[in-house]
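Enquirer: My questions all concern the structure below.
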There are 2 protein chains.
Amino acid sequence: MSISPEQQVDAEQFASRHWFVPHGELRARAAALQACLVAADIDAAVLHGNADILYMTGGLVDGVVVVPATGEPRVLARRAAERVAVETCWDVRRAVSTRELAAELEQVGASRGRIAVALDVLPAAQFLKLAAAVPSAELVALTPHIRSVRAIKSAWELDNMRVAAEQVRDAMVTVARQVVPGHTELDGLRLAEGCMRADGHQGIVRMRRFGGEGGFGTVVAGANAALPGPLDAPLGGSGLYPSVGRGASTRELVAGDLLVLDLMGAANGYLSDCTRVVAVGGIGAIDEDLLAAQEWCVGVLEQVAAHAKPGVAPSALYQLALDLAADAGHADRFMGVAPDQARFVGHGIGMEVDEYPFLTHGFDTPLEAGMVFALEPKLVYPGRAAVGIEDSFVVVENGVMALPALPRDVIDMSW
Amino acid sequence: MSISPEQQVDAEQFASRHWFVPHGELRARAAALQACLVAADIDAAVLHGNADILYMTGGLVDGVVVVPATGEPRVLARRAAERVAVETCWDVRRAVSTRELAAELEQVGASRGRIAVALDVLPAAQFLKLAAAVPSAELVALTPHIRSVRAIKSAWELDNMRVAAEQVRDAMVTVARQVVPGHTELDGLRLAEGCMRADGHQGIVRMRRFGGEGGFGTVVAGANAALPGPLDAPLGGSGLYPSVGRGASTRELVAGDLLVLDLMGAANGYLSDCTRVVAVGGIGAIDEDLLAAQEWCVGVLEQVAAHAKPGVAPSALYQLALDLAADAGHADRFMGVAPDQARFVGHGIGMEVDEYPFLTHGFDTPLEAGMVFALEPKLVYPGRAAVGIEDSFVVVENGVMALPALPRDVIDMSW
């Protein structure tokens, strides 16, 4: 047994690309955040957490980034400071204590002002330590500001997301060609994982929400696709163990199963989210009403996408999908949870899978050009099956454009 | 191309095992935590975060677990309450708001008392909300209590860790047999991932530390193995992208490389951590001093393990390793960071890769039977290579026993 050439990573192609974040990008990101800080009368932001730090520095840091309302951001690293110094354009220095962070905040004139921190990700212990170290400062929320800035993607970011989308496209084709009845859901997931890894999948899928655990995706069929899970996602699945709680099981695929492939590409920090369904044993083996439901989901995706453009509220797009579901008699099956529970028909995506904008009730801040969201109308038939579709769209001047180039038909496994 | 039988998941074998946590286990865990709460004069604990919740309930919950100092724990789930009710022995009810949590704390008589929460994982926003909802309560640290309880593994837990250790053993053999010069580090990692997945790896490796991102492991060779990273780990590696920041790159292996395989198995929630090195191109191709350094690491592992038993302080074991490093002239290479930086020679392991006990300065609480730690003496030669070894050990009555059954020799790729 050996690694076949097609399974092997193309090292040359990989090395030909420069993966560092261009310094112009980093400067534009800092300027955009600083504009928010100034508008909100905030003196400095302290960034914690891998996604926000990666966004601002171009690398991962065991430490924090101080972004004053004016002037250059600076990086305080507990270790490997020399390494992030190569990746970023900002000043980096080694600092290990909250006391040193407080001194830095004093130096940028924020220690008696308003300091923004990401209260949704920063652990309470670190928050309390910081609060004690800058007793004259007011600690305020950074989250809406950094999320709003991150929601608008640059051309460079979109380019990375397209690489991620290509990983998913290859995986969809590979799984559809290779999986046969008798294979398990886990076999399908493993194929997808191996295929995306060979295409340079970074192996990490970040989720901002506390307790969110990303993965390469959800590969589920039949009744398992309809099993609810602990995550805010339309489809659940048993997972391999209670410790996973979602996704692929060792259930064997049988003809007549609709196999749902909800896969996440990840290249150079950026994600792409896409769902297709595979007709196990061929289209003829699938129940007519499920095929009709699948077609309905594709129609909803296309109608909602047709209404999306700058100025439209994400909540209005969600309402449109809800209305379509009610009209079609799908209200109770829509997105897998009862209408009184938290649900959505789409979510922003970028370095994390749960970015702004959310296509849900109450998210009224209008779409802007450069935003990217995954739109995923899905229907759940408890105890039986789930259907659905998902594509990631970038908002452009007059509408939206889908990131992946993949047909939306049911994939016929009788190929 | 199709999935070969040996690459396929053995669904029958998998289904033959009952993966739910036995209710007797759950009751013993609750009783152990409650004993800590009573001793610390705490009225109730509120568990947040996947690992602590999984430990106490046997499943994942989008919600919290309230553990009163006396009486039964109860689970408050935001969604899929019917699902965790199947997995756990505790009362489960749907609750979505902090107000409902406060009412529950009132009901167990804790709302004017001392309530323990995991300040190291709970995000500040949720902490502040809870504090406002129980204004008469004192919120205190749960972390040392829950970590101490979780540090002592039951026979059932050890059984799962052995399954995880078997995944790693299979992957070591597979990688050593299949990787050849010209393959990349990423090829080696992908092989290991696919192999462990086929053996039922859960796909998630949990780390408690804020910002910690687990993975299947670190597969690095030569200079890349010696590159420092942002994590508290002796070896770094560039990773595929700056967004990964550690581990395998697309660097091609050449004869003379020492390929370090630091792999993490994960079965039914439990991890196993193991490191071996592979002599790319055969033992004869490796520099003599590196082979001697590797042999030295194995010797340190065996000497430290020989001193470990109930009653011994983890800090004393760390000091022993430090002394051995100093005697051998390895002080500056030991564990990859300068002596003034945070480092360790071992770490507890279980549902997370960074559990109690830590074999480091200041961790003086003595070992007890049932504790499990990974011991990983490693040496880093900047710009050139890294060497090292790692096994997970369980503390027994008179000493320790290694979990994996795998020779500690350098794996000779000229097989």
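Following the order of the structure tokens, first chain is A, next is B, and so on, with residues numbered from 1 inside each chain and ligands from 1 in the order they appear.
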Got a sec: who's within 10 Å of Leu403 of chain B, counting only C-alpha atoms, leaving out chain neighbours fewer than 4 positions off, as an NGL selection string?

Expert: :B and (158-159 or 161-166 or 272-274 or 372-374 or 391-394)

Enquirer: Within 10 Å of Ala321 of chain A, counting only C-alpha atoms, which residues show up once you throw out same-chain ones fewer than 5 positions away? Write them as a list in words, please.

Expert: Cys297, Val300, Leu301, Gln303, Val304, Ser315, Ala316, Ala326, Asp327, Ala331, Phe334, Phe344, Val345, Leu359, Thr360 and Pro377 of chain A

Enquirer: Which polymer residues have any atom within 9 Å of an atom of segment 261-265 of chain B, counting only C-alpha atoms, with same-chain residues fewer than 5 positions away left out, as number ranges by chain?

Expert: B: 161, 163-169, 171-172, 175, 188-189, 192, 196, 201-202, 205, 214-221, 270-278, 353, 389-390

Enquirer: Take the selection from the previous step and output its residues with N, CA and C atoms, as an mmCIF file, in the first residue's frame.

Expert:
```cif
data_model
loop_
_atom_site.group_PDB
_atom_site.id
_atom_site.type_symbol
_atom_site.label_atom_id
_atom_site.label_comp_id
_atom_site.auth_asym_id
_atom_site.auth_seq_id
_atom_site.Cartn_x
_atom_site.Cartn_y
_atom_site.Cartn_z
ATOM 1 N N MET B 161 -9.296 5.322 26.822
ATOM 2 C CA MET B 161 -7.984 5.878 26.471
ATOM 3 C C MET B 161 -7.120 4.826 25.790
ATOM 4 N N VAL B 163 -8.312 2.530 23.780
ATOM 5 C CA VAL B 163 -8.793 2.499 22.384
ATOM 6 C C VAL B 163 -8.119 3.631 21.602
ATOM 7 N N ALA B 164 -8.042 4.794 22.211
ATOM 8 C CA ALA B 164 -7.382 5.930 21.555
ATOM 9 C C ALA B 164 -5.902 5.627 21.310
ATOM 10 N N ALA B 165 -5.259 4.952 22.269
ATOM 11 C CA ALA B 165 -3.837 4.610 22.124
ATOM 12 C C ALA B 165 -3.633 3.620 20.979
ATOM 13 N N GLU B 166 -4.595 2.734 20.781
ATOM 14 C CA GLU B 166 -4.489 1.781 19.660
ATOM 15 C C GLU B 166 -4.580 2.491 18.313
ATOM 16 N N GLN B 167 -5.407 3.538 18.247
ATOM 17 C CA GLN B 167 -5.469 4.335 17.003
ATOM 18 C C GLN B 167 -4.090 4.887 16.669
ATOM 19 N N VAL B 168 -3.427 5.401 17.678
ATOM 20 C CA VAL B 168 -2.111 6.001 17.453
ATOM 21 C C VAL B 168 -1.105 4.939 17.018
ATOM 22 N N ARG B 169 -1.132 3.792 17.678
ATOM 23 C CA ARG B 169 -0.191 2.728 17.334
ATOM 24 C C ARG B 169 -0.352 2.338 15.863
ATOM 25 N N ALA B 171 -1.529 4.121 13.460
ATOM 26 C CA ALA B 171 -1.118 5.232 12.586
ATOM 27 C C ALA B 171 0.405 5.312 12.495
ATOM 28 N N MET B 172 1.085 5.081 13.601
ATOM 29 C CA MET B 172 2.563 5.116 13.580
ATOM 30 C C MET B 172 3.083 4.091 12.570
ATOM 31 N N VAL B 175 2.189 5.128 8.854
ATOM 32 C CA VAL B 175 3.006 6.219 8.329
ATOM 33 C C VAL B 175 4.422 5.725 8.070
ATOM 34 N N GLY B 188 2.363 12.772 5.376
ATOM 35 C CA GLY B 188 2.451 11.924 6.567
ATOM 36 C C GLY B 188 1.287 12.171 7.514
ATOM 37 N N LEU B 189 0.949 13.429 7.723
ATOM 38 C CA LEU B 189 -0.161 13.758 8.615
ATOM 39 C C LEU B 189 -1.475 13.223 8.051
ATOM 40 N N ALA B 192 -1.808 9.590 8.626
ATOM 41 C CA ALA B 192 -2.117 9.329 10.038
ATOM 42 C C ALA B 192 -3.579 9.654 10.328
ATOM 43 N N MET B 196 -6.315 6.905 11.530
ATOM 44 C CA MET B 196 -6.972 7.006 12.845
ATOM 45 C C MET B 196 -8.487 7.154 12.676
ATOM 46 N N HIS B 201 -11.385 7.445 15.187
ATOM 47 C CA HIS B 201 -11.000 8.730 15.811
ATOM 48 C C HIS B 201 -12.193 9.685 15.742
ATOM 49 N N GLN B 202 -12.454 10.372 16.836
ATOM 50 C CA GLN B 202 -13.657 11.209 16.894
ATOM 51 C C GLN B 202 -13.537 12.510 16.110
ATOM 52 N N VAL B 205 -10.131 17.081 19.027
ATOM 53 C CA VAL B 205 -9.152 16.959 20.107
ATOM 54 C C VAL B 205 -9.296 18.217 20.955
ATOM 55 N N GLY B 214 -6.780 21.977 19.037
ATOM 56 C CA GLY B 214 -6.248 20.624 18.909
ATOM 57 C C GLY B 214 -6.269 20.160 17.465
ATOM 58 N N GLY B 215 -5.629 19.041 17.227
ATOM 59 C CA GLY B 215 -5.635 18.430 15.912
ATOM 60 C C GLY B 215 -5.210 16.994 16.095
ATOM 61 N N PHE B 216 -5.098 16.288 14.994
ATOM 62 C CA PHE B 216 -4.695 14.884 15.081
ATOM 63 C C PHE B 216 -3.226 14.757 15.477
ATOM 64 N N GLY B 217 -2.471 15.836 15.291
ATOM 65 C CA GLY B 217 -1.089 15.741 15.723
ATOM 66 C C GLY B 217 -0.150 16.603 14.914
ATOM 67 N N THR B 218 1.118 16.452 15.254
ATOM 68 C CA THR B 218 2.183 17.241 14.658
ATOM 69 C C THR B 218 3.117 16.276 13.937
ATOM 70 N N VAL B 219 3.241 16.454 12.624
ATOM 71 C CA VAL B 219 4.125 15.605 11.825
ATOM 72 C C VAL B 219 5.128 16.538 11.163
ATOM 73 N N VAL B 220 6.320 16.571 11.731
ATOM 74 C CA VAL B 220 7.312 17.558 11.306
ATOM 75 C C VAL B 220 8.694 16.915 11.250
ATOM 76 N N ALA B 221 9.549 17.481 10.415
ATOM 77 C CA ALA B 221 10.886 16.912 10.261
ATOM 78 C C ALA B 221 11.910 18.021 10.123
ATOM 79 N N TYR B 270 -12.125 10.473 24.785
ATOM 80 C CA TYR B 270 -10.845 10.357 25.483
ATOM 81 C C TYR B 270 -9.651 10.323 24.539
ATOM 82 N N LEU B 271 -8.583 10.946 24.973
ATOM 83 C CA LEU B 271 -7.406 11.131 24.135
ATOM 84 C C LEU B 271 -6.275 10.203 24.552
ATOM 85 N N SER B 272 -5.328 10.061 23.636
ATOM 86 C CA SER B 272 -4.056 9.426 23.967
ATOM 87 C C SER B 272 -2.991 10.137 23.156
ATOM 88 N N ASP B 273 -1.885 10.415 23.767
ATOM 89 C CA ASP B 273 -0.857 11.261 23.164
ATOM 90 C C ASP B 273 0.448 10.469 23.139
ATOM 91 N N CYS B 274 1.082 10.423 21.986
ATOM 92 C CA CYS B 274 2.258 9.564 21.830
ATOM 93 C C CYS B 274 3.180 10.167 20.772
ATOM 94 N N THR B 275 4.477 10.098 21.006
ATOM 95 C CA THR B 275 5.448 10.593 20.027
ATOM 96 C C THR B 275 6.478 9.506 19.721
ATOM 97 N N ARG B 276 6.737 9.306 18.439
ATOM 98 C CA ARG B 276 7.844 8.465 18.002
ATOM 99 C C ARG B 276 8.565 9.211 16.881
ATOM 100 N N VAL B 277 9.808 8.801 16.605
ATOM 101 C CA VAL B 277 10.517 9.407 15.473
ATOM 102 C C VAL B 277 10.860 8.338 14.436
ATOM 103 N N VAL B 278 10.833 8.777 13.194
ATOM 104 C CA VAL B 278 11.104 7.892 12.062
ATOM 105 C C VAL B 278 12.397 8.360 11.399
ATOM 106 N N VAL B 353 -6.380 17.697 26.350
ATOM 107 C CA VAL B 353 -4.964 17.389 26.252
ATOM 108 C C VAL B 353 -4.146 18.144 27.302
ATOM 109 N N ILE B 389 10.386 11.821 22.601
ATOM 110 C CA ILE B 389 9.559 10.620 22.799
ATOM 111 C C ILE B 389 8.402 11.027 23.686
ATOM 112 N N GLU B 390 7.299 10.286 23.598
ATOM 113 C CA GLU B 390 6.157 10.600 24.468
ATOM 114 C C GLU B 390 5.294 9.362 24.643
#
```

Enquirer: Do me a favour and pick out the residues of chain A within 6 Å of chain B, using only C-alpha atoms, as a list in words.

Expert: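 Every residue of chain A that passes the 6 Å test is in Ser2, Ala11, Gly49, Asn50, Gly59, Val61, Asp62, Ala80, Leu119, Asp120, Val121, Leu122, Pro123, Ala124, Ala125, Gln178, Gly211, Pro228, Gly229, Pro230, Tyr241, Pro242, Ser243, Thr250, Asn268 and Gly269 of chain A.
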
Enquirer: Would you work out the distance separating atom CA of Ala369 of chain B from atom CA of Pro310 of chain B, expressed in Å to one decimal?

Expert: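 Interatomic distance here is 5.9 Å.
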
Enquirer: Could you pull out all residues of segment 117-151 of chain A with a DSSP call of alpha helix (DSSP H) and give them as a PDB file with all heavy atoms, in the first residue's frame?

Expert:
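Saved to result_15.pdb:
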```pdb
ATOM      1  N   ALA A 124     -13.710  34.730  31.439  1.00  0.00           N
ATOM      2  CA  ALA A 124     -13.973  35.615  32.568  1.00  0.00           C
ATOM      3  C   ALA A 124     -12.725  35.857  33.403  1.00  0.00           C
ATOM      4  O   ALA A 124     -12.478  36.986  33.847  1.00  0.00           O
ATOM      5  CB  ALA A 124     -15.089  35.023  33.435  1.00  0.00           C
ATOM      6  N   ALA A 125     -11.916  34.828  33.628  1.00  0.00           N
ATOM      7  CA  ALA A 125     -10.730  34.986  34.479  1.00  0.00           C
ATOM      8  C   ALA A 125      -9.796  36.057  33.906  1.00  0.00           C
ATOM      9  O   ALA A 125      -9.270  36.903  34.643  1.00  0.00           O
ATOM     10  CB  ALA A 125      -9.989  33.654  34.617  1.00  0.00           C
ATOM     11  N   GLN A 126      -9.582  36.027  32.592  1.00  0.00           N
ATOM     12  CA  GLN A 126      -8.697  37.017  31.969  1.00  0.00           C
ATOM     13  C   GLN A 126      -9.337  38.395  31.962  1.00  0.00           C
ATOM     14  O   GLN A 126      -8.660  39.413  32.090  1.00  0.00           O
ATOM     15  CB  GLN A 126      -8.336  36.574  30.545  1.00  0.00           C
ATOM     16  CG  GLN A 126      -7.422  35.358  30.538  1.00  0.00           C
ATOM     17  CD  GLN A 126      -6.957  35.006  29.135  1.00  0.00           C
ATOM     18  OE1 GLN A 126      -6.519  35.865  28.374  1.00  0.00           O
ATOM     19  NE2 GLN A 126      -7.041  33.744  28.790  1.00  0.00           N
ATOM     20  N   PHE A 127     -10.649  38.429  31.773  1.00  0.00           N
ATOM     21  CA  PHE A 127     -11.370  39.700  31.807  1.00  0.00           C
ATOM     22  C   PHE A 127     -11.232  40.345  33.192  1.00  0.00           C
ATOM     23  O   PHE A 127     -10.934  41.538  33.315  1.00  0.00           O
ATOM     24  CB  PHE A 127     -12.844  39.463  31.470  1.00  0.00           C
ATOM     25  CG  PHE A 127     -13.726  40.644  31.724  1.00  0.00           C
ATOM     26  CD1 PHE A 127     -13.803  41.682  30.802  1.00  0.00           C
ATOM     27  CD2 PHE A 127     -14.483  40.731  32.887  1.00  0.00           C
ATOM     28  CE1 PHE A 127     -14.615  42.782  31.032  1.00  0.00           C
ATOM     29  CE2 PHE A 127     -15.297  41.831  33.134  1.00  0.00           C
ATOM     30  CZ  PHE A 127     -15.360  42.856  32.194  1.00  0.00           C
ATOM     31  N   LEU A 128     -11.418  39.546  34.229  1.00  0.00           N
ATOM     32  CA  LEU A 128     -11.356  40.084  35.598  1.00  0.00           C
ATOM     33  C   LEU A 128      -9.943  40.576  35.928  1.00  0.00           C
ATOM     34  O   LEU A 128      -9.768  41.598  36.588  1.00  0.00           O
ATOM     35  CB  LEU A 128     -11.813  39.015  36.605  1.00  0.00           C
ATOM     36  CG  LEU A 128     -13.292  38.608  36.479  1.00  0.00           C
ATOM     37  CD1 LEU A 128     -13.603  37.387  37.347  1.00  0.00           C
ATOM     38  CD2 LEU A 128     -14.217  39.783  36.846  1.00  0.00           C
ATOM     39  N   LYS A 129      -8.945  39.845  35.438  1.00  0.00           N
ATOM     40  CA  LYS A 129      -7.552  40.246  35.651  1.00  0.00           C
ATOM     41  C   LYS A 129      -7.259  41.585  34.972  1.00  0.00           C
ATOM     42  O   LYS A 129      -6.615  42.469  35.545  1.00  0.00           O
ATOM     43  CB  LYS A 129      -6.643  39.180  35.025  1.00  0.00           C
ATOM     44  CG  LYS A 129      -5.595  38.628  35.954  1.00  0.00           C
ATOM     45  CD  LYS A 129      -4.674  37.720  35.148  1.00  0.00           C
ATOM     46  CE  LYS A 129      -4.058  36.658  36.014  1.00  0.00           C
ATOM     47  NZ  LYS A 129      -3.214  35.753  35.244  1.00  0.00           N
ATOM     48  N   LEU A 130      -7.732  41.713  33.727  1.00  0.00           N
ATOM     49  CA  LEU A 130      -7.517  42.960  32.994  1.00  0.00           C
ATOM     50  C   LEU A 130      -8.243  44.112  33.689  1.00  0.00           C
ATOM     51  O   LEU A 130      -7.674  45.205  33.858  1.00  0.00           O
ATOM     52  CB  LEU A 130      -8.004  42.808  31.540  1.00  0.00           C
ATOM     53  CG  LEU A 130      -7.911  44.056  30.665  1.00  0.00           C
ATOM     54  CD1 LEU A 130      -6.469  44.565  30.570  1.00  0.00           C
ATOM     55  CD2 LEU A 130      -8.456  43.784  29.262  1.00  0.00           C
ATOM     56  N   ALA A 131      -9.486  43.862  34.102  1.00  0.00           N
ATOM     57  CA  ALA A 131     -10.266  44.911  34.769  1.00  0.00           C
ATOM     58  C   ALA A 131      -9.538  45.391  36.031  1.00  0.00           C
ATOM     59  O   ALA A 131      -9.513  46.590  36.329  1.00  0.00           O
ATOM     60  CB  ALA A 131     -11.659  44.385  35.114  1.00  0.00           C
ATOM     61  N   ALA A 132      -8.926  44.455  36.744  1.00  0.00           N
ATOM     62  CA  ALA A 132      -8.212  44.828  37.975  1.00  0.00           C
ATOM     63  C   ALA A 132      -6.925  45.590  37.657  1.00  0.00           C
ATOM     64  O   ALA A 132      -6.487  46.438  38.434  1.00  0.00           O
ATOM     65  CB  ALA A 132      -7.901  43.572  38.786  1.00  0.00           C
ATOM     66  N   ALA A 133      -6.335  45.312  36.494  1.00  0.00           N
ATOM     67  CA  ALA A 133      -5.058  45.950  36.137  1.00  0.00           C
ATOM     68  C   ALA A 133      -5.245  47.357  35.583  1.00  0.00           C
ATOM     69  O   ALA A 133      -4.303  48.154  35.576  1.00  0.00           O
ATOM     70  CB  ALA A 133      -4.313  45.075  35.117  1.00  0.00           C
ATOM     71  N   THR A 143     -16.941  43.247  20.352  1.00  0.00           N
ATOM     72  CA  THR A 143     -17.467  42.250  19.426  1.00  0.00           C
ATOM     73  C   THR A 143     -18.212  42.827  18.216  1.00  0.00           C
ATOM     74  O   THR A 143     -17.866  42.497  17.079  1.00  0.00           O
ATOM     75  CB  THR A 143     -18.337  41.238  20.206  1.00  0.00           C
ATOM     76  OG1 THR A 143     -17.547  40.771  21.305  1.00  0.00           O
ATOM     77  CG2 THR A 143     -18.751  40.075  19.333  1.00  0.00           C
ATOM     78  N   PRO A 144     -19.227  43.674  18.415  1.00  0.00           N
ATOM     79  CA  PRO A 144     -19.941  44.164  17.219  1.00  0.00           C
ATOM     80  C   PRO A 144     -19.034  44.941  16.264  1.00  0.00           C
ATOM     81  O   PRO A 144     -19.219  44.870  15.042  1.00  0.00           O
ATOM     82  CB  PRO A 144     -21.045  45.067  17.785  1.00  0.00           C
ATOM     83  CG  PRO A 144     -20.834  45.143  19.246  1.00  0.00           C
ATOM     84  CD  PRO A 144     -19.805  44.168  19.662  1.00  0.00           C
ATOM     85  N   HIS A 145     -18.033  45.643  16.801  1.00  0.00           N
ATOM     86  CA  HIS A 145     -17.138  46.429  15.946  1.00  0.00           C
ATOM     87  C   HIS A 145     -16.242  45.518  15.109  1.00  0.00           C
ATOM     88  O   HIS A 145     -16.171  45.652  13.885  1.00  0.00           O
ATOM     89  CB  HIS A 145     -16.290  47.384  16.793  1.00  0.00           C
ATOM     90  CG  HIS A 145     -17.112  48.306  17.638  1.00  0.00           C
ATOM     91  ND1 HIS A 145     -17.965  49.242  17.094  1.00  0.00           N
ATOM     92  CD2 HIS A 145     -17.241  48.418  18.985  1.00  0.00           C
ATOM     93  CE1 HIS A 145     -18.576  49.903  18.074  1.00  0.00           C
ATOM     94  NE2 HIS A 145     -18.144  49.412  19.230  1.00  0.00           N
ATOM     95  N   ILE A 146     -15.564  44.576  15.764  1.00  0.00           N
ATOM     96  CA  ILE A 146     -14.629  43.736  15.015  1.00  0.00           C
ATOM     97  C   ILE A 146     -15.392  42.826  14.052  1.00  0.00           C
ATOM     98  O   ILE A 146     -14.941  42.565  12.929  1.00  0.00           O
ATOM     99  CB  ILE A 146     -13.706  42.921  15.963  1.00  0.00           C
ATOM    100  CG1 ILE A 146     -12.594  42.220  15.190  1.00  0.00           C
ATOM    101  CG2 ILE A 146     -14.466  41.907  16.784  1.00  0.00           C
ATOM    102  CD1 ILE A 146     -11.451  43.081  14.804  1.00  0.00           C
ATOM    103  N   ARG A 147     -16.573  42.392  14.448  1.00  0.00           N
ATOM    104  CA  ARG A 147     -17.356  41.549  13.537  1.00  0.00           C
ATOM    105  C   ARG A 147     -17.842  42.343  12.325  1.00  0.00           C
ATOM    106  O   ARG A 147     -17.890  41.801  11.225  1.00  0.00           O
ATOM    107  CB  ARG A 147     -18.547  40.929  14.265  1.00  0.00           C
ATOM    108  CG  ARG A 147     -18.141  39.897  15.291  1.00  0.00           C
ATOM    109  CD  ARG A 147     -19.338  39.215  15.922  1.00  0.00           C
ATOM    110  NE  ARG A 147     -19.571  37.908  15.323  1.00  0.00           N
ATOM    111  CZ  ARG A 147     -20.385  36.976  15.845  1.00  0.00           C
ATOM    112  NH1 ARG A 147     -21.058  37.219  16.941  1.00  0.00           N
ATOM    113  NH2 ARG A 147     -20.533  35.809  15.260  1.00  0.00           N
ATOM    114  N   SER A 148     -18.205  43.595  12.530  1.00  0.00           N
ATOM    115  CA  SER A 148     -18.659  44.415  11.397  1.00  0.00           C
ATOM    116  C   SER A 148     -17.519  44.664  10.425  1.00  0.00           C
ATOM    117  O   SER A 148     -17.704  44.613   9.208  1.00  0.00           O
ATOM    118  CB  SER A 148     -19.215  45.756  11.901  1.00  0.00           C
ATOM    119  OG  SER A 148     -20.340  45.528  12.709  1.00  0.00           O
ATOM    120  N   VAL A 149     -16.348  44.944  10.962  1.00  0.00           N
ATOM    121  CA  VAL A 149     -15.189  45.177  10.098  1.00  0.00           C
ATOM    122  C   VAL A 149     -14.852  43.907   9.319  1.00  0.00           C
ATOM    123  O   VAL A 149     -14.657  43.933   8.105  1.00  0.00           O
ATOM    124  CB  VAL A 149     -13.977  45.649  10.933  1.00  0.00           C
ATOM    125  CG1 VAL A 149     -12.705  45.629  10.110  1.00  0.00           C
ATOM    126  CG2 VAL A 149     -14.240  47.034  11.511  1.00  0.00           C
ATOM    127  N   ARG A 150     -14.812  42.786  10.037  1.00  0.00           N
ATOM    128  CA  ARG A 150     -14.445  41.517   9.403  1.00  0.00           C
ATOM    129  C   ARG A 150     -15.478  41.057   8.383  1.00  0.00           C
ATOM    130  O   ARG A 150     -15.166  40.239   7.504  1.00  0.00           O
ATOM    131  CB  ARG A 150     -14.212  40.442  10.467  1.00  0.00           C
ATOM    132  CG  ARG A 150     -12.865  40.595  11.187  1.00  0.00           C
ATOM    133  CD  ARG A 150     -12.638  39.531  12.236  1.00  0.00           C
ATOM    134  NE  ARG A 150     -13.063  38.227  11.769  1.00  0.00           N
ATOM    135  CZ  ARG A 150     -13.251  37.177  12.555  1.00  0.00           C
ATOM    136  NH1 ARG A 150     -13.036  37.283  13.862  1.00  0.00           N
ATOM    137  NH2 ARG A 150     -13.644  36.027  12.058  1.00  0.00           N
ATOM    138  N   ALA A 151     -16.709  41.565   8.483  1.00  0.00           N
ATOM    139  CA  ALA A 151     -17.767  41.113   7.568  1.00  0.00           C
ATOM    140  C   ALA A 151     -17.515  41.525   6.129  1.00  0.00           C
ATOM    141  O   ALA A 151     -17.960  40.855   5.195  1.00  0.00           O
ATOM    142  CB  ALA A 151     -19.126  41.646   8.033  1.00  0.00           C
TER     143      ALA A 151
END
```

Enquirer: What is the atom CA of Ala35 of chain A-atom CA of Val67 of chain A distance in Å, reported with one decimal?

Expert: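 These atoms are spaced 11.3 Å apart.
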
Enquirer: Could you jot down the atom CA of Thr98 of chain A to atom CA of Ile115 of chain B separation for me, Å, one decimal place?

Expert: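 That distance, rounded to one decimal, is 25.9 Å.
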
Enquirer: Contacts of Val254 of chain B at 8 Å or less, counting only C-alpha atoms, minus same-chain residues fewer than 4 places along, as a list in words?

Expert: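 Near Val254 of chain B, the qualifying residues are Pro181, Gly182, Val280 and Gly281 of chain B.
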
Enquirer: Output all heavy atoms of each residue in that selection to a file, as a tab-separated table (two decimals), in the first residue's frame.

Expert:
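Heads up, here's the output in again_11.tsv:
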```tsv
chain	number	residue	atom	x	y	z
B	181	PRO	N	10.98	9.26	1.13
B	181	PRO	CA	11.56	10.56	0.75
B	181	PRO	C	10.83	11.09	-0.49
B	181	PRO	O	10.52	10.34	-1.41
B	181	PRO	CB	13.02	10.21	0.45
B	181	PRO	CG	13.31	9.03	1.32
B	181	PRO	CD	12.04	8.23	1.33
B	182	GLY	N	10.53	12.38	-0.48
B	182	GLY	CA	9.76	12.98	-1.58
B	182	GLY	C	8.34	13.27	-1.16
B	182	GLY	O	7.70	14.18	-1.68
B	280	VAL	N	14.12	8.82	8.31
B	280	VAL	CA	13.81	8.84	6.87
B	280	VAL	C	15.06	8.40	6.11
B	280	VAL	O	16.15	8.96	6.29
B	280	VAL	CB	13.36	10.24	6.41
B	280	VAL	CG1	13.06	10.24	4.91
B	280	VAL	CG2	12.14	10.69	7.20
B	281	GLY	N	14.89	7.37	5.28
B	281	GLY	CA	16.03	6.83	4.54
B	281	GLY	C	16.83	5.80	5.34
B	281	GLY	O	17.87	5.34	4.88
```
